[in-house]
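**Q** Below: one structure in structure tokens.
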Amino acid sequence: MRLAKNSHPFMYNYKPLSENFVNALGIMYRRYYSSYPRKKNLRENRLNVTRFNNVVSQLPPRFNAEDLCGVLYFQDDPYVCLELFNYASQQPRFRHEVPSYYMVIKKLGRAKLYDEMDGIVKQVFAIPTIGSVALFNMMICFYVKGRKLTRAVNVFRHMRKSAVLGCRPSIRTYNLLFGSLLSKGSNTYINRMYMETVRCLFKQMVDDGIEPDIFSLNTMIKGYIDSLHVNDALRIFHQMAVVYSCKPNSNSYDYLIHGLCCQGRTRNARELYEEMKNKGFVPSGKAYNSLVNSLAMGGEFEEAVRILWEMNEKRRLTDLITYRTLLDEICRHGNVGKAMRLLEELQNKRILDWCTYKELLYVVKDDFGNSDDR
């Protein structure tokens, strides 16, 4: 058979597939892929129906909110708790009360089922007479843990607008918001942005007649330190006992010592360090490391070494950066032999492990050689 012009040599004998053959292929395709289980929706409600029926059977014929809370308390399956809550809502002459809302939100929040929890929260918001400080604070607490800051703020606004005086924000409400706003990492720009919001919340709290406690004041100090407003942190520190009748604790001093050292204000940091010790507080490892680094970079090697030994006596962990900064600054001022003797003494007293000792030794030799004092 002669091929047509411009035709493919393998296409001249082509025959179209029959309709029966195409139908057979379709049947085989459907049978093959239908044998595979379908992927379940991640949001599919994994309700154990048998367990739910057993729980329902434990309720009395005409149960109230107290009976429902007693059953919910012993259930560890959040889906069963949610279904039981909805089942109770459909019963005639049944009304949910604060304990039943509290219990189901607690179960859903612990399971991190925030979408399901939102539905219950909206029900609470829809009833003006329902609510309590403990209930709303728990909502904020779970939203804060789940990084749902917008939802936490919505609960806070609802508390302020509530007609029930017992639902107004408390000191714990503000502390939860302070902690969530100031836990955004070490980015100074972000901390500065959120610190403005925290400042407004703090002023609002004081204007509402809520007395700040040690946690809220320390949070303000830490927030100012992280946003590089050290003078504002010192202002809060000096107002603690005079204005707010709240004495500083070890955390108050630790935050300030670290912040002052970061800005090179070693003299002020040492004054707070001595005041802290006189009051019987022991600085944290972060405060100790900051002070040793600041003293070393300021050329006060004797004082830095003394605080380093004190730090080890108090069993505070010394960072590798602190050791390296102290040794580098001693060597940079022409005291290589002194740095080597300090390094040997640290290793002989087993303060440094062998790997850390070798690493520091190689750094000193590579940067400054192995010469004596010059």
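Naming works like this for the structure tokens: A, B, ... for the chains as they're shown, residue 1 at the start of each chain, ligands 1 onward in shown order.
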Please return as a PyMOL selection string: the residues of range 11-247 of chain A that backbone DSSP assigns to helix (DSSP H, G or I).
**A** chain A and resi 19-34+49-57+65-73+78-89+98-110+114-126+133-145+149-161+165-167+171-181+188-207+214-226+230-242
**Q** Quick one: pull the distance between CA of Ile225 in chain A and CA of Thr266 in chain A, Å, one decimal.
**A**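 Calculated distance between CA of Ile225 in chain A and CA of Thr266 in chain A is 15.1 Å.
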**Q** With 12 Å as the cut-off and only C-alpha atoms counted, what is the closest atom pair between each nearby residue of range 94-189 of chain A and range 58-73 of chain A? Distances in Å to one decimal, ordered by chain and number, as CSV.
**A**
```
residue,atom,partner,partner_atom,distance
A:Phe94,CA,A:Asn64,CA,6.5
A:Arg95,CA,A:Ala65,CA,7.0
A:His96,CA,A:Ala65,CA,5.8
A:Glu97,CA,A:Ala65,CA,6.2
A:Val98,CA,A:Ala65,CA,8.7
A:Pro99,CA,A:Cys69,CA,6.7
A:Ser100,CA,A:Cys69,CA,5.4
A:Tyr101,CA,A:Cys69,CA,9.0
A:Tyr102,CA,A:Cys69,CA,9.0
A:Met103,CA,A:Cys69,CA,6.6
A:Val104,CA,A:Leu72,CA,7.4
A:Ile105,CA,A:Leu72,CA,10.9
A:Lys106,CA,A:Tyr73,CA,9.9
A:Lys107,CA,A:Leu72,CA,8.6
A:Leu108,CA,A:Leu72,CA,11.5
```
**Q** For C-alpha atoms, I'd like the residues from the last selection saved as a compact mmCIF listing (two decimals), in the first residue's frame.
**A**
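result-v7.txt was written with the following content:
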```txt
# COMPACT_ATOMS: atom_id res chain seq x y z
CA PHE A 94 -32.23 22.89 79.29
CA ARG A 95 -30.02 25.95 79.60
CA HIS A 96 -26.26 26.03 79.70
CA GLU A 97 -24.62 27.87 82.55
CA VAL A 98 -21.12 29.20 83.14
CA PRO A 99 -19.72 25.87 84.48
CA SER A 100 -20.82 23.92 81.38
CA TYR A 101 -19.33 26.54 79.04
CA TYR A 102 -16.17 26.56 81.14
CA MET A 103 -15.82 22.78 81.02
CA VAL A 104 -16.30 22.33 77.28
CA ILE A 105 -14.00 25.25 76.39
CA LYS A 106 -11.36 23.80 78.68
CA LYS A 107 -11.56 20.42 76.94
CA LEU A 108 -11.41 21.95 73.46
```
**Q** Quick one, how far is CA of Asn175 in chain A from CA of Leu256 in chain A?
**A**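 Spanning CA of Asn175 in chain A to CA of Leu256 in chain A is a straight-line distance of 19.9 Å.
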**Q** Leaving out Thr322 in chain A and any residue of its chain fewer than 3 positions from it, which residues lie within 6 Å of it when counting only C-alpha atoms, given as an MDAnalysis selection string?
**A** chainID A and resid 293 319 325
**Q** Would you list the contacts of Arg270 in chain A as a list of chain:residue names, taking every protein, DNA or RNA residue within 12 Å and counting only C-alpha atoms, but skipping same-chain residues closer than 3 positions in sequence?
**A**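 Counting only the stated atoms, we get A:Tyr253, A:Asp254, A:Leu256, A:Ile257, A:His258, A:Leu260, A:Cys261, A:Gly264, A:Arg265, A:Thr266, A:Arg267, A:Tyr273, A:Glu274, A:Glu275, A:Met276, A:Lys277, A:Pro283, A:Ala287, A:Tyr288, A:Ser290, A:Leu291, A:Val292, A:Ser294, A:Leu295, A:Glu300, A:Glu303, A:Ala304, A:Ile307.
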**Q** Write out the residues from the selection above, keeping C-alpha atoms, as an mmCIF file, in the first residue's frame.
**A**
```
data_model
loop_
_atom_site.group_PDB
_atom_site.id
_atom_site.type_symbol
_atom_site.label_atom_id
_atom_site.label_comp_id
_atom_site.auth_asym_id
_atom_site.auth_seq_id
_atom_site.Cartn_x
_atom_site.Cartn_y
_atom_site.Cartn_z
ATOM 1 C CA TYR A 253 17.416 43.248 88.721
ATOM 2 C CA ASP A 254 18.342 40.617 86.118
ATOM 3 C CA LEU A 256 18.029 45.759 84.170
ATOM 4 C CA ILE A 257 21.588 44.458 84.544
ATOM 5 C CA HIS A 258 21.368 42.783 81.162
ATOM 6 C CA LEU A 260 22.402 48.267 80.990
ATOM 7 C CA CYS A 261 25.324 46.055 79.984
ATOM 8 C CA GLY A 264 27.604 49.839 77.739
ATOM 9 C CA ARG A 265 26.403 51.353 81.019
ATOM 10 C CA THR A 266 28.595 49.082 83.104
ATOM 11 C CA ARG A 267 28.783 51.425 86.077
ATOM 12 C CA TYR A 273 24.514 44.117 90.930
ATOM 13 C CA GLU A 274 25.839 45.146 94.352
ATOM 14 C CA GLU A 275 22.368 46.231 95.488
ATOM 15 C CA MET A 276 20.970 42.907 94.348
ATOM 16 C CA LYS A 277 23.567 40.952 96.317
ATOM 17 C CA PRO A 283 21.900 37.012 89.662
ATOM 18 C CA ALA A 287 22.909 38.776 84.067
ATOM 19 C CA TYR A 288 26.270 37.319 85.091
ATOM 20 C CA SER A 290 26.300 40.217 80.444
ATOM 21 C CA LEU A 291 28.228 41.790 83.307
ATOM 22 C CA VAL A 292 31.413 39.791 82.668
ATOM 23 C CA SER A 294 30.718 44.321 79.650
ATOM 24 C CA LEU A 295 33.545 44.528 82.187
ATOM 25 C CA GLU A 300 38.274 45.876 83.841
ATOM 26 C CA GLU A 303 36.757 42.556 88.208
ATOM 27 C CA ALA A 304 35.559 40.457 85.283
ATOM 28 C CA ILE A 307 32.798 37.837 88.925
#
```
**Q** Taking into account only C-alpha atoms, which residue in the set A:Met297, A:Cys246, A:Ala339, A:Val121 is nearest to Cys262 in chain A?
**A** A:Met297
**Q** Find the residues of range 140-177 of chain A that sit at most 9 Å from range 198-208 of chain A; for each, write down the nearest two atoms and how far apart they are in Å, to one decimal. Count only C-alpha atoms. Sort by chain, then by number going up, and give it as a Markdown table.
**A**
```
| residue | atom | partner | partner_atom | distance |
| --- | --- | --- | --- | --- |
| A:Pro169 | CA | A:Met205 | CA | 8.7 |
| A:Ser170 | CA | A:Met205 | CA | 8.7 |
| A:Ile171 | CA | A:Met205 | CA | 8.0 |
| A:Tyr174 | CA | A:Met205 | CA | 7.4 |
| A:Leu177 | CA | A:Val198 | CA | 8.2 |
```
**Q** Pick out the residues sitting within 12 Å of Glu116 in chain A, and hand them over as a count of residues only; count only C-alpha atoms, and ignore anything fewer than 4 positions along from it in its own chain.
**A** 23
**Q** Just want the 7 Å neighbourhood of range 313-318 of chain A, counted on only C-alpha atoms, with same-chain residues fewer than 3 positions away dropped. Output as an NGL selection string.
**A** :A and (284-285 or 289 or 309-310 or 322)
**Q** Write out as a PyMOL selection string which residues come within 10 Å of Tyr255 in chain A when counting only C-alpha atoms, dropping same-chain ones fewer than 4 positions away.
**A** chain A and resi 218-219+221-226+230+233+250-251+259-260+283-284+286-287
**Q** For the selection you just gave me, I'd like the residues written to a file as a PDB file, in the first residue's frame, keeping C-alpha atoms.
**A**
```pdb
ATOM      1  CA  ASN A 218       8.586  42.957  85.520  1.00  0.00           C
ATOM      2  CA  THR A 219       6.932  42.446  82.140  1.00  0.00           C
ATOM      3  CA  ILE A 221      10.691  46.330  82.554  1.00  0.00           C
ATOM      4  CA  LYS A 222      11.565  43.451  80.242  1.00  0.00           C
ATOM      5  CA  GLY A 223       9.547  44.981  77.417  1.00  0.00           C
ATOM      6  CA  TYR A 224      11.339  48.301  77.745  1.00  0.00           C
ATOM      7  CA  ILE A 225      14.713  46.527  77.842  1.00  0.00           C
ATOM      8  CA  ASP A 226      13.953  44.475  74.725  1.00  0.00           C
ATOM      9  CA  VAL A 230      16.365  51.390  79.255  1.00  0.00           C
ATOM     10  CA  ALA A 233      12.689  50.491  82.442  1.00  0.00           C
ATOM     11  CA  SER A 250      15.565  39.010  91.337  1.00  0.00           C
ATOM     12  CA  ASN A 251      13.991  39.136  87.870  1.00  0.00           C
ATOM     13  CA  GLY A 259      19.870  45.864  79.505  1.00  0.00           C
ATOM     14  CA  LEU A 260      22.402  48.267  80.990  1.00  0.00           C
ATOM     15  CA  PRO A 283      21.900  37.012  89.662  1.00  0.00           C
ATOM     16  CA  SER A 284      20.851  34.763  86.828  1.00  0.00           C
ATOM     17  CA  LYS A 286      22.195  35.853  81.728  1.00  0.00           C
ATOM     18  CA  ALA A 287      22.909  38.776  84.067  1.00  0.00           C
TER      19      ALA A 287
END
```
**Q** Calculate how many Å separate CA of Val144 in chain A from CA of Leu176 in chain A, rounding to one decimal.
**A**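 Computing the Euclidean distance for CA of Val144 in chain A and CA of Leu176 in chain A yields 7.5 Å.
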**Q** Nearest to Arg157 in chain A: which of A:Asn348, A:Gly334, A:Ile127, A:Ile140 is it, counting only C-alpha atoms?
**A**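 Distance minimum relative to Arg157 in chain A lands on A:Ile140.
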